[in-house]
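Following: one structure in structure tokens, then a few remarks.
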Number of protein chains: 2
Amino acid sequence: MPADSHNPAARDTVKANEAETPSSKLVRFPAEEPLELDSGIRLGPWQIAYETYGTLNADRSNAILICHALTGDQYVASTNPVTGKPGWWHLMVGPGRPIDTDHYFVICANVLGGCLGTTGPATLNAETGAPYGLDLPVVTIRDMVRAQARLVDHLGVDTLFAVIGGSMGGMQVLQWAASYPERVFAAIPIAAAARHTSQNIAFHEVGRQAIMADPNWRGGSYIVGGVRPTKGLAIARMAAHVTYMSDESLHQKFGRNLQDRENLTFGFDADFQIESYLRHQGMTFVDRFDANSYLYVTRAMDYFDLAQEFGGTLPNAFANTKTRFCVMSFTSDWLFPTSESRSVVKALNAAAANVSFVEIESDRGHDSFLLDVPEMFETIQGFMIGAAHARGIPAPGEAR
Amino acid sequence: MPADSHNPAARDTVKANEAETPSSKLVRFPAEEPLELDSGIRLGPWQIAYETYGTLNADRSNAILICHALTGDQYVASTNPVTGKPGWWHLMVGPGRPIDTDHYFVICANVLGGCLGTTGPATLNAETGAPYGLDLPVVTIRDMVRAQARLVDHLGVDTLFAVIGGSMGGMQVLQWAASYPERVFAAIPIAAAARHTSQNIAFHEVGRQAIMADPNWRGGSYIVGGVRPTKGLAIARMAAHVTYMSDESLHQKFGRNLQDRENLTFGFDADFQIESYLRHQGMTFVDRFDANSYLYVTRAMDYFDLAQEFGGTLPNAFANTKTRFCVMSFTSDWLFPTSESRSVVKALNAAAANVSFVEIESDRGHDSFLLDVPEMFETIQGFMIGAAHARGIPAPGEAR
């Protein structure tokens, strides 16, 4: 286990930061314990905000790390204090759920570059006393995972029983398995990919340009100016949101239905339900997310290319791995299509890894991983039981 | 043929309008000859700008109307005076091309609501002396077709040998066949649909919101203010452009290649070629297109639902039609997928229409209809020969 996991100085910094994250646990790492980033920059001081659920067992073998997606957060199974809504994966994580918090110790941290307590562009830069803005170094998926590893060290966990996540969370899962193979017993990347495709980068770039075109963005220094680029951020969210749903789910949910009217108005108001829905998605998003964080986290996804990190050959990322993998995709997900998951599976096969692969029938697009998709829950539940037996720990419901 | 096709007053108004459209032919209709719009408004005076290629034969049986797509124009086969580029369909239309201008008389008009000479939001409102802006009534695909019918009348053509177009152009083709069945001998809707889907409306709404969020948009009155919402329009174009290409074509063309650099820069410049490409697409688009026109023309597409116009039953749109149809789609087109063309074909079958359907293998997405896709050219060439024989006119290459 890396040295600083038992570093008393680091442990001492655990405290709630009332001002920034009303309800999250927080670890502050002083400047002397910086995070070494892919950019070559040493980031410090820095901090990571997280939530935990359940209890770590005596031999510390029941810890599960959950990695959140682009606009997710650490409130995986508890009320989000900003929105007041249930945790984003409360269907998956909780007492009696597929990831059973009566049985497992679940950790979920806000990603590096995020905006819910972990160091991000809105964090005060110790050198200037002002928010970082664009002075924060650009971070990568590997940097996010490095930060999580420091948190896991801090919590006294050597080997994670499982690392699980969807979309960008699945990228982190793959990065965990590649960077720290001996620390990941089981890995579940869902609706993910080992690289961001050209089309994915394209959609992100549209969103970033929308933010940066907003005059309130002010080169990223909007907080100091007391303004926020909410229009640009809302448009970025609208553009992204379309890509999270399938054509079929949009058709079923909205079709060409009109919004609170009998006839077309021959104008530019939201005649159609889909327009009204998208505008609502954009408007509510800006209340819970920081525009600069959106730039940083999308950039981290764009930069993700796990093969490149291993000489251009993806199987090398998993050479000699003992981790057991459960890879999942959804039939109607066109943003992270099954073909990308299949590439991961092929690479794992080429590395002689223990891997199962399930393409789940769902017409709800990329967002399926967040929704009530019974086959996903059953698949994970089954995989977790098998993994628990292999690990020599009781599965939920079994005598301990 | 409607009365005003031989109306001397209308014919007298044909003259080049040097100020607005340096090289286009133009018909001006006075206030007494308004266009009756779906909104119930009578638009007048109004004008339509167009180009023709080839020569109308003696019995006026060789006229082909080409309908352009969202951001297309009347310069289908001749140099666009704004961009200096070849006509947008010069591969399809010209001497010896599948639509052979040595043989056919080709008409292509700028759509109503457009910005290259036909009445649109940038046109001066005769009542105020200022550009219409949002005071122009919202127009529909049917209104565009009504305007074209007036032009065709004016040109002295009763029955069009063929009406052909891709994307929004294909919507107009379907509308022509439904509104004026006796005036359309053959119809070729390519990569089109009989309705705009929820997903399509969603992408358009993102673009419109980007334009309207630009402070230079000024409620649509930017021309009077001497400014233009170029940033918003560029973002709208970027978002749309991604939807015109397939994941596969983006992968082949750009992949994750870097733009003029060896390594990632850990910043927000255009590291990737796809980013640089999209930014370029956005920047060049604003030089040739009007932001308000973008609002109007996207809205016309959103409003398009041919079945609804016929009691909710699409086959009714083609009841008793004698028009022969050639419907085409492309395998990798996810914006106007084959399923939409198939719905059109099913409706035509239910109406006992003469219809052929070809789904063309192409990995280049929706834009395929604009590109060098030999199977498309061969399909159209073959269909046109058959249609010429059926019509009793010689096909290209045959003795007249």
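Numbering starts fresh at 1 for the residues of each chain in the structure tokens, the chains themselves are lettered A, B, ... in the order given, and ligands are numbered from 1 as they appear.
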
Skip Glu309 in chain A itself and residues of its chain fewer than 3 positions away, then list as a tab-separated table (two decimals) with N, CA and C atoms, in the first residue's frame all residues within 12 Å of it, counting only C-alpha atoms.
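Output contents, as saved in part-v6.tsv:
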chain	number	residue	atom	x	y	z
A	38	ASP	N	-0.56	14.22	-15.40
A	38	ASP	CA	-0.05	13.84	-16.72
A	38	ASP	C	0.59	15.02	-17.45
A	140	THR	N	-6.49	14.68	-16.63
A	140	THR	CA	-6.85	13.54	-17.47
A	140	THR	C	-7.63	12.51	-16.63
A	141	ILE	N	-8.16	11.52	-17.32
A	141	ILE	CA	-8.82	10.41	-16.61
A	141	ILE	C	-7.81	9.75	-15.67
A	142	ARG	N	-6.58	9.61	-16.10
A	142	ARG	CA	-5.57	9.00	-15.23
A	142	ARG	C	-5.31	9.86	-13.99
A	175	GLN	N	-9.07	2.60	-16.51
A	175	GLN	CA	-7.79	3.20	-16.12
A	175	GLN	C	-7.30	2.60	-14.80
A	178	ALA	N	-5.83	-0.70	-15.43
A	178	ALA	CA	-4.55	-0.61	-16.13
A	178	ALA	C	-3.45	-0.04	-15.22
A	179	SER	N	-3.79	0.94	-14.41
A	179	SER	CA	-2.78	1.62	-13.58
A	179	SER	C	-2.46	0.86	-12.30
A	194	ALA	N	-12.42	2.57	-24.41
A	194	ALA	CA	-11.00	2.72	-24.05
A	194	ALA	C	-10.40	3.97	-24.68
A	195	ARG	N	-11.21	4.68	-25.41
A	195	ARG	CA	-10.78	5.93	-26.06
A	195	ARG	C	-12.03	6.73	-26.37
A	303	TYR	N	-9.21	13.43	-24.00
A	303	TYR	CA	-7.81	13.02	-23.97
A	303	TYR	C	-7.66	11.52	-23.70
A	304	PHE	N	-8.73	10.87	-23.30
A	304	PHE	CA	-8.61	9.47	-22.90
A	304	PHE	C	-8.36	8.56	-24.10
A	305	ASP	N	-7.27	7.84	-24.06
A	305	ASP	CA	-6.91	6.88	-25.10
A	305	ASP	C	-5.97	5.89	-24.45
A	306	LEU	N	-6.56	4.87	-23.84
A	306	LEU	CA	-5.80	3.96	-22.99
A	306	LEU	C	-4.72	3.22	-23.76
A	312	GLY	N	0.30	2.05	-27.90
A	312	GLY	CA	-0.63	1.91	-29.02
A	312	GLY	C	-1.31	0.56	-29.08
A	313	THR	N	-1.06	-0.30	-28.11
A	313	THR	CA	-1.63	-1.65	-28.12
A	313	THR	C	-2.47	-1.86	-26.87
A	314	LEU	N	-3.78	-1.89	-27.06
A	314	LEU	CA	-4.67	-1.94	-25.90
A	314	LEU	C	-4.45	-3.16	-25.00
A	315	PRO	N	-4.22	-4.35	-25.56
A	315	PRO	CA	-3.99	-5.51	-24.67
A	315	PRO	C	-2.85	-5.28	-23.68
A	316	ASN	N	-1.86	-4.48	-24.06
A	316	ASN	CA	-0.75	-4.20	-23.14
A	316	ASN	C	-1.23	-3.53	-21.86
A	317	ALA	N	-2.36	-2.80	-21.95
A	317	ALA	CA	-2.89	-2.12	-20.77
A	317	ALA	C	-3.33	-3.13	-19.72
A	318	PHE	N	-3.59	-4.35	-20.15
A	318	PHE	CA	-4.12	-5.36	-19.23
A	318	PHE	C	-3.20	-6.58	-19.12

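For range 132-335 of chain B, the set of residues given strand (DSSP E or B) by DSSP on the backbone reads Leu160, Phe161, Ala162, Val163, Ile164, Gly165, Gly166, Val184, Phe185, Ala186, Ala187, Ile188, Pro189, Ile190, Arg195, Leu258, Phe272, Asp305, Arg324, Phe325, Cys326, Val327, Met328, Ser329 and Phe330 of chain B.
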
The selected residues should be written to file as a PDB file, in the first residue's frame (atoms: C-alpha atoms).
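The result, stored in out-v3.pdb:
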ATOM      1  CA  LEU B 160     -42.415  19.025 -64.120  1.00  0.00           C
ATOM      2  CA  PHE B 161     -40.688  16.001 -65.555  1.00  0.00           C
ATOM      3  CA  ALA B 162     -39.057  15.466 -62.189  1.00  0.00           C
ATOM      4  CA  VAL B 163     -38.705  17.018 -58.745  1.00  0.00           C
ATOM      5  CA  ILE B 164     -35.617  15.943 -56.879  1.00  0.00           C
ATOM      6  CA  GLY B 165     -33.831  16.852 -53.660  1.00  0.00           C
ATOM      7  CA  GLY B 166     -32.010  15.528 -50.601  1.00  0.00           C
ATOM      8  CA  VAL B 184     -45.011  15.999 -60.931  1.00  0.00           C
ATOM      9  CA  PHE B 185     -44.248  13.183 -63.358  1.00  0.00           C
ATOM     10  CA  ALA B 186     -41.397  11.729 -61.317  1.00  0.00           C
ATOM     11  CA  ALA B 187     -40.263  12.381 -57.756  1.00  0.00           C
ATOM     12  CA  ILE B 188     -36.896  11.551 -56.199  1.00  0.00           C
ATOM     13  CA  PRO B 189     -36.723  12.197 -52.451  1.00  0.00           C
ATOM     14  CA  ILE B 190     -33.231  11.343 -51.153  1.00  0.00           C
ATOM     15  CA  ARG B 195     -41.861  14.137 -40.837  1.00  0.00           C
ATOM     16  CA  LEU B 258      -3.784  15.852 -33.654  1.00  0.00           C
ATOM     17  CA  PHE B 272      -7.573  17.409 -32.426  1.00  0.00           C
ATOM     18  CA  ASP B 305     -45.351  16.288 -40.877  1.00  0.00           C
ATOM     19  CA  ARG B 324     -43.489   7.599 -60.179  1.00  0.00           C
ATOM     20  CA  PHE B 325     -41.204   7.672 -57.163  1.00  0.00           C
ATOM     21  CA  CYS B 326     -37.595   6.734 -56.579  1.00  0.00           C
ATOM     22  CA  VAL B 327     -36.881   6.827 -52.832  1.00  0.00           C
ATOM     23  CA  MET B 328     -33.276   6.638 -51.645  1.00  0.00           C
ATOM     24  CA  SER B 329     -31.566   6.431 -48.283  1.00  0.00           C
ATOM     25  CA  PHE B 330     -28.040   5.743 -47.049  1.00  0.00           C
TER      26      PHE B 330
END

Considering only helix (DSSP H, G or I) as DSSP defines it on the backbone, what residues of range 295-330 of chain A qualify? List them as a list of chain:residue names.
A:Leu295, A:Tyr296, A:Val297, A:Thr298, A:Arg299, A:Ala300, A:Met301, A:Asp302, A:Tyr303, A:Leu306, A:Ala307, A:Gln308, A:Glu309, A:Leu314, A:Pro315, A:Asn316, A:Ala317, A:Phe318

With only C-alpha atoms considered, list every residue of chain A at most 6 Å from chain B, as a compact mmCIF listing (two decimals) with N, CA and C atoms, in the first residue's frame.
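Output file result_19.txt follows:
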# COMPACT_ATOMS: atom_id res chain seq x y z
N VAL A 138 -4.86 21.34 -16.98
CA VAL A 138 -5.80 20.38 -17.58
C VAL A 138 -5.50 19.01 -16.99
N SER A 198 -13.78 10.32 -32.36
CA SER A 198 -13.83 11.61 -33.04
C SER A 198 -15.21 12.25 -32.89
N GLN A 199 -16.25 11.45 -33.03
CA GLN A 199 -17.61 11.99 -32.88
C GLN A 199 -17.84 12.50 -31.45
N VAL A 206 -18.39 21.22 -29.39
CA VAL A 206 -19.55 22.10 -29.57
C VAL A 206 -19.94 22.70 -28.22
N ALA A 239 -27.08 20.23 -25.99
CA ALA A 239 -26.45 19.48 -27.08
C ALA A 239 -26.04 18.09 -26.59
N ASP A 247 -32.75 7.80 -30.49
CA ASP A 247 -33.81 8.29 -31.36
C ASP A 247 -35.15 7.67 -30.92
N LEU A 250 -36.47 9.13 -27.61
CA LEU A 250 -37.03 10.47 -27.84
C LEU A 250 -38.38 10.36 -28.53
N HIS A 251 -38.47 9.43 -29.46
CA HIS A 251 -39.73 9.23 -30.17
C HIS A 251 -40.83 8.77 -29.21
N GLY A 255 -42.03 12.19 -29.15
CA GLY A 255 -42.53 12.19 -30.52
C GLY A 255 -42.59 13.62 -31.05
N ARG A 256 -43.68 13.94 -31.72
CA ARG A 256 -43.89 15.31 -32.19
C ARG A 256 -44.99 15.98 -31.37
N PHE A 266 -46.51 28.91 -35.02
CA PHE A 266 -45.80 29.65 -36.06
C PHE A 266 -44.87 30.70 -35.45

Compile the contact shell of Asp290 in chain B as a list in words: residues with an atom at most 10 Å away, counting only C-alpha atoms, same-chain residues fewer than 3 positions apart removed.
Thr71, Gly114, Cys115, Leu116, Gly120, Pro121, Ala122, Ile223, Arg228, Pro229, Thr230, Leu233, Phe285, Val286, Asp287, Ser293, Tyr294 and Leu295 of chain B

What is the CA of Gly382 in chain A-CA of Leu91 in chain A distance in Å, reported with one decimal?
16.0 Å

B:Ile360, B:Tyr132, B:Val297, B:Val106: which is nearest Glu378 in chain B, counting only C-alpha atoms?
B:Ile360

List as a PyMOL selection string the protein and nucleic acid residues near Gly44 in chain A, meaning an atom at most 8 Å away when only C-alpha atoms are counted, but skip any in the same chain fewer than 4 places from it.
chain A and resi 29-35

Long-range neighbours of Ser61 in chain A as a PDB file with N, CA and C atoms, in the first residue's frame, 10 Å cut-off, only C-alpha atoms, 4 positions minimum in chain:
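Wrote it out as out_16.pdb, contents follow:
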ATOM      1  N   LEU A  56     -16.675  -0.707   6.316  1.00  0.00           N
ATOM      2  CA  LEU A  56     -15.489  -1.459   5.891  1.00  0.00           C
ATOM      3  C   LEU A  56     -15.316  -2.645   6.836  1.00  0.00           C
ATOM      4  N   ASN A  57     -15.197  -3.850   6.292  1.00  0.00           N
ATOM      5  CA  ASN A  57     -15.060  -5.025   7.166  1.00  0.00           C
ATOM      6  C   ASN A  57     -13.653  -5.113   7.781  1.00  0.00           C
ATOM      7  N   TYR A 104     -21.430  -4.201   1.494  1.00  0.00           N
ATOM      8  CA  TYR A 104     -20.181  -3.637   0.982  1.00  0.00           C
ATOM      9  C   TYR A 104     -19.954  -2.235   1.542  1.00  0.00           C
ATOM     10  N   PHE A 105     -18.689  -1.837   1.496  1.00  0.00           N
ATOM     11  CA  PHE A 105     -18.304  -0.481   1.865  1.00  0.00           C
ATOM     12  C   PHE A 105     -18.095   0.279   0.548  1.00  0.00           C
ATOM     13  N   VAL A 157      -7.541   1.296   2.510  1.00  0.00           N
ATOM     14  CA  VAL A 157      -7.917   0.152   1.683  1.00  0.00           C
ATOM     15  C   VAL A 157      -6.785  -0.138   0.693  1.00  0.00           C
ATOM     16  N   ASP A 158      -6.357  -1.381   0.701  1.00  0.00           N
ATOM     17  CA  ASP A 158      -5.300  -1.789  -0.222  1.00  0.00           C
ATOM     18  C   ASP A 158      -5.921  -2.222  -1.546  1.00  0.00           C
ATOM     19  N   THR A 159      -6.669  -3.327  -1.491  1.00  0.00           N
ATOM     20  CA  THR A 159      -7.296  -3.833  -2.711  1.00  0.00           C
ATOM     21  C   THR A 159      -8.791  -3.555  -2.684  1.00  0.00           C
ATOM     22  N   LEU A 160      -9.263  -2.938  -3.755  1.00  0.00           N
ATOM     23  CA  LEU A 160     -10.702  -2.708  -3.891  1.00  0.00           C
ATOM     24  C   LEU A 160     -11.355  -3.994  -4.370  1.00  0.00           C
ATOM     25  N   PHE A 161     -12.449  -4.356  -3.722  1.00  0.00           N
ATOM     26  CA  PHE A 161     -13.165  -5.542  -4.198  1.00  0.00           C
ATOM     27  C   PHE A 161     -13.678  -5.305  -5.620  1.00  0.00           C
ATOM     28  N   ALA A 162     -14.166  -4.111  -5.860  1.00  0.00           N
ATOM     29  CA  ALA A 162     -14.649  -3.796  -7.208  1.00  0.00           C
ATOM     30  C   ALA A 162     -14.531  -2.308  -7.499  1.00  0.00           C
ATOM     31  N   PHE A 185      -9.831  -6.049  -7.658  1.00  0.00           N
ATOM     32  CA  PHE A 185     -10.192  -7.460  -7.784  1.00  0.00           C
ATOM     33  C   PHE A 185     -11.173  -7.673  -8.936  1.00  0.00           C
ATOM     34  N   ALA A 388     -17.501 -12.369  -5.338  1.00  0.00           N
ATOM     35  CA  ALA A 388     -17.374 -12.499  -3.873  1.00  0.00           C
ATOM     36  C   ALA A 388     -16.871 -13.900  -3.529  1.00  0.00           C
ATOM     37  N   ARG A 391     -13.328 -14.215  -4.312  1.00  0.00           N
ATOM     38  CA  ARG A 391     -12.501 -13.423  -3.393  1.00  0.00           C
ATOM     39  C   ARG A 391     -12.481 -14.060  -2.001  1.00  0.00           C
ATOM     40  N   GLY A 392     -13.415 -15.001  -1.783  1.00  0.00           N
ATOM     41  CA  GLY A 392     -13.472 -15.646  -0.479  1.00  0.00           C
ATOM     42  C   GLY A 392     -14.199 -14.830   0.565  1.00  0.00           C
ATOM     43  N   ILE A 393     -15.095 -13.964   0.096  1.00  0.00           N
ATOM     44  CA  ILE A 393     -15.941 -13.238   1.054  1.00  0.00           C
ATOM     45  C   ILE A 393     -17.387 -13.632   0.794  1.00  0.00           C
TER      46      ILE A 393
END

Might you pull out every residue within 9 Å of Trp89 in chain B, with only C-alpha atoms counted and same-chain residues fewer than 3 positions away left off, and present them as a ChimeraX atom specification?
/B:75-78,86,92-94,369-371

Put those residues in a file: C-alpha atoms, as a PDB file, in the first residue's frame.
ATOM      1  CA  TYR B  75     -26.473  27.573 -57.292  1.00  0.00           C
ATOM      2  CA  VAL B  76     -26.878  23.856 -57.781  1.00  0.00           C
ATOM      3  CA  ALA B  77     -24.550  23.582 -60.774  1.00  0.00           C
ATOM      4  CA  SER B  78     -22.851  26.952 -61.112  1.00  0.00           C
ATOM      5  CA  PRO B  86     -18.669  25.155 -57.499  1.00  0.00           C
ATOM      6  CA  MET B  92     -25.179  15.391 -60.040  1.00  0.00           C
ATOM      7  CA  VAL B  93     -26.241  18.243 -62.306  1.00  0.00           C
ATOM      8  CA  GLY B  94     -24.517  19.461 -65.446  1.00  0.00           C
ATOM      9  CA  PHE B 369     -26.358  12.748 -50.967  1.00  0.00           C
ATOM     10  CA  LEU B 370     -23.972  15.641 -51.628  1.00  0.00           C
ATOM     11  CA  LEU B 371     -20.922  13.473 -52.200  1.00  0.00           C
TER      12      LEU B 371
END

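Of the residues under consideration (A:Pro98, A:Gly54, A:Gly72, A:Gly113), A:Pro98 shows the shortest atom-to-atom contact distance to Gly397 in chain A when counting only C-alpha atoms.
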
Please compute the CA of Arg342 in chain A-CA of Ala191 in chain A distance, one decimal, in Å.
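Between CA of Arg342 in chain A and CA of Ala191 in chain A the gap is 10.7 Å.
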
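Residues lying within 9 Å of Val345 in chain B, counting only C-alpha atoms and ignoring same-chain neighbours fewer than 3 positions away, are Phe325, Val327, Glu340, Ser341, Arg342, Leu348, Asn349, Ala350, Val355, Ser356 and Phe357 of chain B.
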
Okay, now the selection with C-alpha atoms, as a PDB file, in the first residue's frame?
ATOM      1  CA  PHE B 325     -41.204   7.672 -57.163  1.00  0.00           C
ATOM      2  CA  VAL B 327     -36.881   6.827 -52.832  1.00  0.00           C
ATOM      3  CA  GLU B 340     -37.920   7.057 -42.328  1.00  0.00           C
ATOM      4  CA  SER B 341     -37.594   6.410 -46.055  1.00  0.00           C
ATOM      5  CA  ARG B 342     -39.115   3.004 -45.518  1.00  0.00           C
ATOM      6  CA  LEU B 348     -46.645   4.877 -51.293  1.00  0.00           C
ATOM      7  CA  ASN B 349     -47.290   1.149 -51.517  1.00  0.00           C
ATOM      8  CA  ALA B 350     -50.482   1.577 -49.539  1.00  0.00           C
ATOM      9  CA  VAL B 355     -42.302   3.368 -56.330  1.00  0.00           C
ATOM     10  CA  SER B 356     -38.771   2.012 -56.268  1.00  0.00           C
ATOM     11  CA  PHE B 357     -36.618   2.101 -53.174  1.00  0.00           C
TER      12      PHE B 357
END

For Leu155 in chain B, which residue out of B:Lys346, B:Arg42, B:Arg60, B:Arg218 is the nearest one, using only C-alpha atoms?
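Closest residue, counting only C-alpha atoms: B:Arg60.
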
Just checking: using only C-alpha atoms, which residue out of A:Asn263, A:Thr321, A:Thr118, A:Thr338 ends up closest to Ser362 in chain A?
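The shortest atom-to-atom distance to Ser362 in chain A comes from A:Thr338.
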